[in-house]
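**Student:** For reference, this is structure.pdb, and it has PDB, C-alpha atoms, pLDDT in the B column.
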```
ATOM      1  CA  MET C   1     171.992 186.018  16.439  1.00 58.00           C
ATOM      2  CA  SER C   2     175.040 188.057  17.262  1.00 58.00           C
ATOM      3  CA  GLU C   3     177.293 190.279  15.191  1.00 57.00           C
ATOM      4  CA  ALA C   4     180.934 190.355  16.190  1.00 60.00           C
ATOM      5  CA  PRO C   5     182.901 192.593  16.123  1.00 58.00           C
ATOM      6  CA  GLU C   6     181.035 195.569  14.710  1.00 60.00           C
ATOM      7  CA  GLY C   7     181.830 196.179  11.073  1.00 62.00           C
ATOM      8  CA  SER C   8     183.380 192.749  10.499  1.00 74.00           C
ATOM      9  CA  GLY C   9     180.389 191.434   8.551  1.00 82.00           C
ATOM     10  CA  SER C  10     180.375 188.278  10.707  1.00 88.00           C
ATOM     11  CA  TYR C  11     177.180 186.885  12.206  1.00 89.00           C
ATOM     12  CA  GLU C  12     176.659 183.890  14.500  1.00 88.00           C
ATOM     13  CA  PHE C  13     173.261 182.210  14.812  1.00 89.00           C
ATOM     14  CA  THR C  14     172.224 179.875  17.632  1.00 88.00           C
ATOM     15  CA  TRP C  15     169.344 177.513  16.883  1.00 84.00           C
ATOM     16  CA  LEU C  16     167.285 177.917  20.064  1.00 86.00           C
ATOM     17  CA  SER C  17     164.414 175.593  19.149  1.00 82.00           C
ATOM     18  CA  GLY C  18     166.455 172.830  17.518  1.00 77.00           C
ATOM     19  CA  PRO C  19     166.960 169.333  18.890  1.00 78.00           C
ATOM     20  CA  ASN C  20     170.691 169.827  19.525  1.00 79.00           C
ATOM     21  CA  PRO C  21     171.706 172.316  22.257  1.00 82.00           C
ATOM     22  CA  GLY C  22     174.237 174.891  21.098  1.00 81.00           C
ATOM     23  CA  TYR C  23     173.783 174.068  17.418  1.00 84.00           C
ATOM     24  CA  GLY C  24     173.817 176.913  14.913  1.00 85.00           C
ATOM     25  CA  PHE C  25     175.823 178.415  12.097  1.00 87.00           C
ATOM     26  CA  ALA C  26     177.854 181.458  11.131  1.00 88.00           C
ATOM     27  CA  THR C  27     177.956 183.583   8.019  1.00 88.00           C
ATOM     28  CA  GLN C  28     180.234 186.373   6.870  1.00 87.00           C
ATOM     29  CA  VAL C  29     179.861 189.116   4.295  1.00 87.00           C
ATOM     30  CA  HIS C  30     183.042 189.876   2.385  1.00 82.00           C
ATOM     31  CA  GLY C  31     184.414 193.380   2.755  1.00 78.00           C
ATOM     32  CA  GLY C  32     182.862 193.932   6.171  1.00 70.00           C
ATOM     33  CA  ALA C  33     179.441 194.890   4.788  1.00 82.00           C
ATOM     34  CA  THR C  34     176.381 194.427   6.972  1.00 85.00           C
ATOM     35  CA  LEU C  35     173.202 192.478   6.278  1.00 87.00           C
ATOM     36  CA  SER C  36     169.665 193.763   6.722  1.00 89.00           C
ATOM     37  CA  VAL C  37     167.131 191.881   8.855  1.00 90.00           C
ATOM     38  CA  PRO C  38     165.448 190.378   5.746  1.00 95.00           C
ATOM     39  CA  GLU C  39     168.858 189.256   4.457  1.00 92.00           C
ATOM     40  CA  LEU C  40     169.702 187.673   7.824  1.00 90.00           C
ATOM     41  CA  GLU C  41     166.330 185.889   7.825  1.00 92.00           C
ATOM     42  CA  GLN C  42     167.079 184.540   4.338  1.00 94.00           C
ATOM     43  CA  GLU C  43     170.472 183.248   5.531  1.00 90.00           C
ATOM     44  CA  ALA C  44     168.691 181.400   8.361  1.00 90.00           C
ATOM     45  CA  ARG C  45     166.106 179.938   5.958  1.00 92.00           C
ATOM     46  CA  GLU C  46     168.831 178.700   3.611  1.00 92.00           C
ATOM     47  CA  PHE C  47     170.665 177.033   6.500  1.00 88.00           C
ATOM     48  CA  LEU C  48     167.524 175.372   7.854  1.00 88.00           C
ATOM     49  CA  ALA C  49     166.664 174.056   4.375  1.00 93.00           C
ATOM     50  CA  LEU C  50     169.852 171.940   4.596  1.00 92.00           C
ATOM     51  CA  VAL C  51     168.976 170.431   7.980  1.00 89.00           C
ATOM     52  CA  ASP C  52     167.266 167.062   8.371  1.00 89.00           C
ATOM     53  CA  PRO C  53     164.265 167.861  10.625  1.00 83.00           C
ATOM     54  CA  HIS C  54     164.464 164.445  12.316  1.00 84.00           C
ATOM     55  CA  THR C  55     168.127 164.557  13.319  1.00 85.00           C
ATOM     56  CA  GLY C  56     168.762 168.302  13.413  1.00 83.00           C
ATOM     57  CA  HIS C  57     171.947 167.768  11.410  1.00 85.00           C
ATOM     58  CA  ILE C  58     172.985 168.534   7.861  1.00 88.00           C
ATOM     59  CA  GLU C  59     173.042 165.211   6.059  1.00 78.00           C
TER      60      GLU C  59
END
```
Mind turning the file's structure into structure tokens?
**Tutor:**
Amino acid sequence: MSEAPEGSGSYEFTWLSGPNPGYGFATQVHGGATLSVPELEQEAREFLALVDPHTGHIE
């Protein structure tokens, strides 16, 4: 996960253990707020819930 640039409220996640190299997602908080670690973990869980575990893609 990376935050870029500081204070923008933008986060980019790379799925390191997924079947598709370089696959991931991004999220952004309006108003440049930041997310806590538990909030970032929840964002990742919500994304992964959309992904087909066999293909590694959102169907």
**Student:** Can you tell me which residues surround Val37 of chain C at a distance of at most 12 Å, considering all atoms listed in the file, apart from same-chain residues fewer than 4 positions away, and format the answer as a PDB file with C-alpha atoms, in the coordinates of the input?
**Tutor:**
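Output (out.pdb):
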```pdb
ATOM      1  CA  MET C   1     171.992 186.018  16.439  1.00 58.00           C
ATOM      2  CA  TYR C  11     177.180 186.885  12.206  1.00 89.00           C
ATOM      3  CA  GLU C  41     166.330 185.889   7.825  1.00 92.00           C
ATOM      4  CA  GLN C  42     167.079 184.540   4.338  1.00 94.00           C
ATOM      5  CA  GLU C  43     170.472 183.248   5.531  1.00 90.00           C
ATOM      6  CA  ALA C  44     168.691 181.400   8.361  1.00 90.00           C
TER       7      ALA C  44
END
```
**Student:** I need the residue set behind the PyMOL selection byres ((chain C and resi 57) around 12) for this file; please write it as a compact mmCIF listing (two decimals) with C-alpha atoms, keeping the file's coordinate frame.
**Tutor:**
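File produced: out.txt:
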```
# COMPACT_ATOMS: atom_id res chain seq x y z
CA TRP C 15 169.34 177.51 16.88
CA GLY C 18 166.46 172.83 17.52
CA PRO C 19 166.96 169.33 18.89
CA ASN C 20 170.69 169.83 19.52
CA PRO C 21 171.71 172.32 22.26
CA TYR C 23 173.78 174.07 17.42
CA GLY C 24 173.82 176.91 14.91
CA PHE C 25 175.82 178.42 12.10
CA PHE C 47 170.66 177.03 6.50
CA LEU C 48 167.52 175.37 7.85
CA ALA C 49 166.66 174.06 4.38
CA LEU C 50 169.85 171.94 4.60
CA VAL C 51 168.98 170.43 7.98
CA ASP C 52 167.27 167.06 8.37
CA PRO C 53 164.26 167.86 10.62
CA HIS C 54 164.46 164.44 12.32
CA THR C 55 168.13 164.56 13.32
CA GLY C 56 168.76 168.30 13.41
CA ILE C 58 172.98 168.53 7.86
CA GLU C 59 173.04 165.21 6.06
```
**Student:** Would you compute the distance between atom CA of Val29 of chain C and atom CA of Ser10 of chain C? Give it in Å to one decimal.
**Tutor:**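 These two atoms are separated by 6.5 Å.
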**Student:** Record the distance separating atom CA of Leu40 of chain C and atom CA of Gly9 of chain C, expressed in Å with one decimal.
**Tutor:**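 Computing the Euclidean distance for atom CA of Leu40 of chain C and atom CA of Gly9 of chain C yields 11.4 Å.
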**Student:** Quick one: segment 11-30 of chain C with N, CA and C atoms, as an mmCIF file, in the coordinates of the input?
**Tutor:**
```
data_model
loop_
_atom_site.group_PDB
_atom_site.id
_atom_site.type_symbol
_atom_site.label_atom_id
_atom_site.label_comp_id
_atom_site.auth_asym_id
_atom_site.auth_seq_id
_atom_site.Cartn_x
_atom_site.Cartn_y
_atom_site.Cartn_z
ATOM 1 N N TYR C 11 178.387 187.107 11.417
ATOM 2 C CA TYR C 11 177.180 186.885 12.206
ATOM 3 C C TYR C 11 177.173 185.447 12.693
ATOM 4 N N GLU C 12 176.774 185.232 13.933
ATOM 5 C CA GLU C 12 176.659 183.890 14.500
ATOM 6 C C GLU C 12 175.214 183.674 14.933
ATOM 7 N N PHE C 13 174.644 182.560 14.501
ATOM 8 C CA PHE C 13 173.261 182.210 14.812
ATOM 9 C C PHE C 13 173.251 180.994 15.717
ATOM 10 N N THR C 14 172.443 181.030 16.767
ATOM 11 C CA THR C 14 172.224 179.875 17.632
ATOM 12 C C THR C 14 170.804 179.401 17.403
ATOM 13 N N TRP C 15 170.649 178.106 17.157
ATOM 14 C CA TRP C 15 169.344 177.513 16.883
ATOM 15 C C TRP C 15 168.696 177.164 18.210
ATOM 16 N N LEU C 16 167.871 178.051 18.731
ATOM 17 C CA LEU C 16 167.285 177.917 20.064
ATOM 18 C C LEU C 16 166.228 176.827 20.159
ATOM 19 N N SER C 17 165.513 176.563 19.087
ATOM 20 C CA SER C 17 164.414 175.593 19.149
ATOM 21 C C SER C 17 164.788 174.243 18.539
ATOM 22 N N GLY C 18 166.034 174.072 18.145
ATOM 23 C CA GLY C 18 166.455 172.830 17.518
ATOM 24 C C GLY C 18 166.667 171.713 18.515
ATOM 25 N N PRO C 19 166.817 170.489 18.008
ATOM 26 C CA PRO C 19 166.960 169.333 18.890
ATOM 27 C C PRO C 19 168.363 169.186 19.503
ATOM 28 N N ASN C 20 169.312 169.961 19.051
ATOM 29 C CA ASN C 20 170.691 169.827 19.525
ATOM 30 C C ASN C 20 171.147 171.121 20.207
ATOM 31 N N PRO C 21 171.297 171.108 21.528
ATOM 32 C CA PRO C 21 171.706 172.316 22.257
ATOM 33 C C PRO C 21 173.014 172.894 21.709
ATOM 34 N N GLY C 22 173.035 174.205 21.549
ATOM 35 C CA GLY C 22 174.237 174.891 21.098
ATOM 36 C C GLY C 22 174.487 174.832 19.607
ATOM 37 N N TYR C 23 173.599 174.195 18.855
ATOM 38 C CA TYR C 23 173.783 174.068 17.418
ATOM 39 C C TYR C 23 173.424 175.380 16.744
ATOM 40 N N GLY C 24 174.096 175.705 15.665
ATOM 41 C CA GLY C 24 173.817 176.913 14.913
ATOM 42 C C GLY C 24 174.733 177.002 13.721
ATOM 43 N N PHE C 25 174.934 178.211 13.227
ATOM 44 C CA PHE C 25 175.823 178.415 12.097
ATOM 45 C C PHE C 25 176.313 179.850 12.099
ATOM 46 N N ALA C 26 177.306 180.109 11.272
ATOM 47 C CA ALA C 26 177.854 181.458 11.131
ATOM 48 C C ALA C 26 177.887 181.816 9.654
ATOM 49 N N THR C 27 177.824 183.097 9.385
ATOM 50 C CA THR C 27 177.956 183.583 8.019
ATOM 51 C C THR C 27 178.774 184.864 8.052
ATOM 52 N N GLN C 28 179.412 185.168 6.944
ATOM 53 C CA GLN C 28 180.234 186.373 6.870
ATOM 54 C C GLN C 28 180.060 187.017 5.511
ATOM 55 N N VAL C 29 179.972 188.336 5.511
ATOM 56 C CA VAL C 29 179.861 189.116 4.295
ATOM 57 C C VAL C 29 181.254 189.647 3.975
ATOM 58 N N HIS C 30 181.712 189.406 2.772
ATOM 59 C CA HIS C 30 183.042 189.876 2.385
ATOM 60 C C HIS C 30 183.094 191.401 2.369
#
```
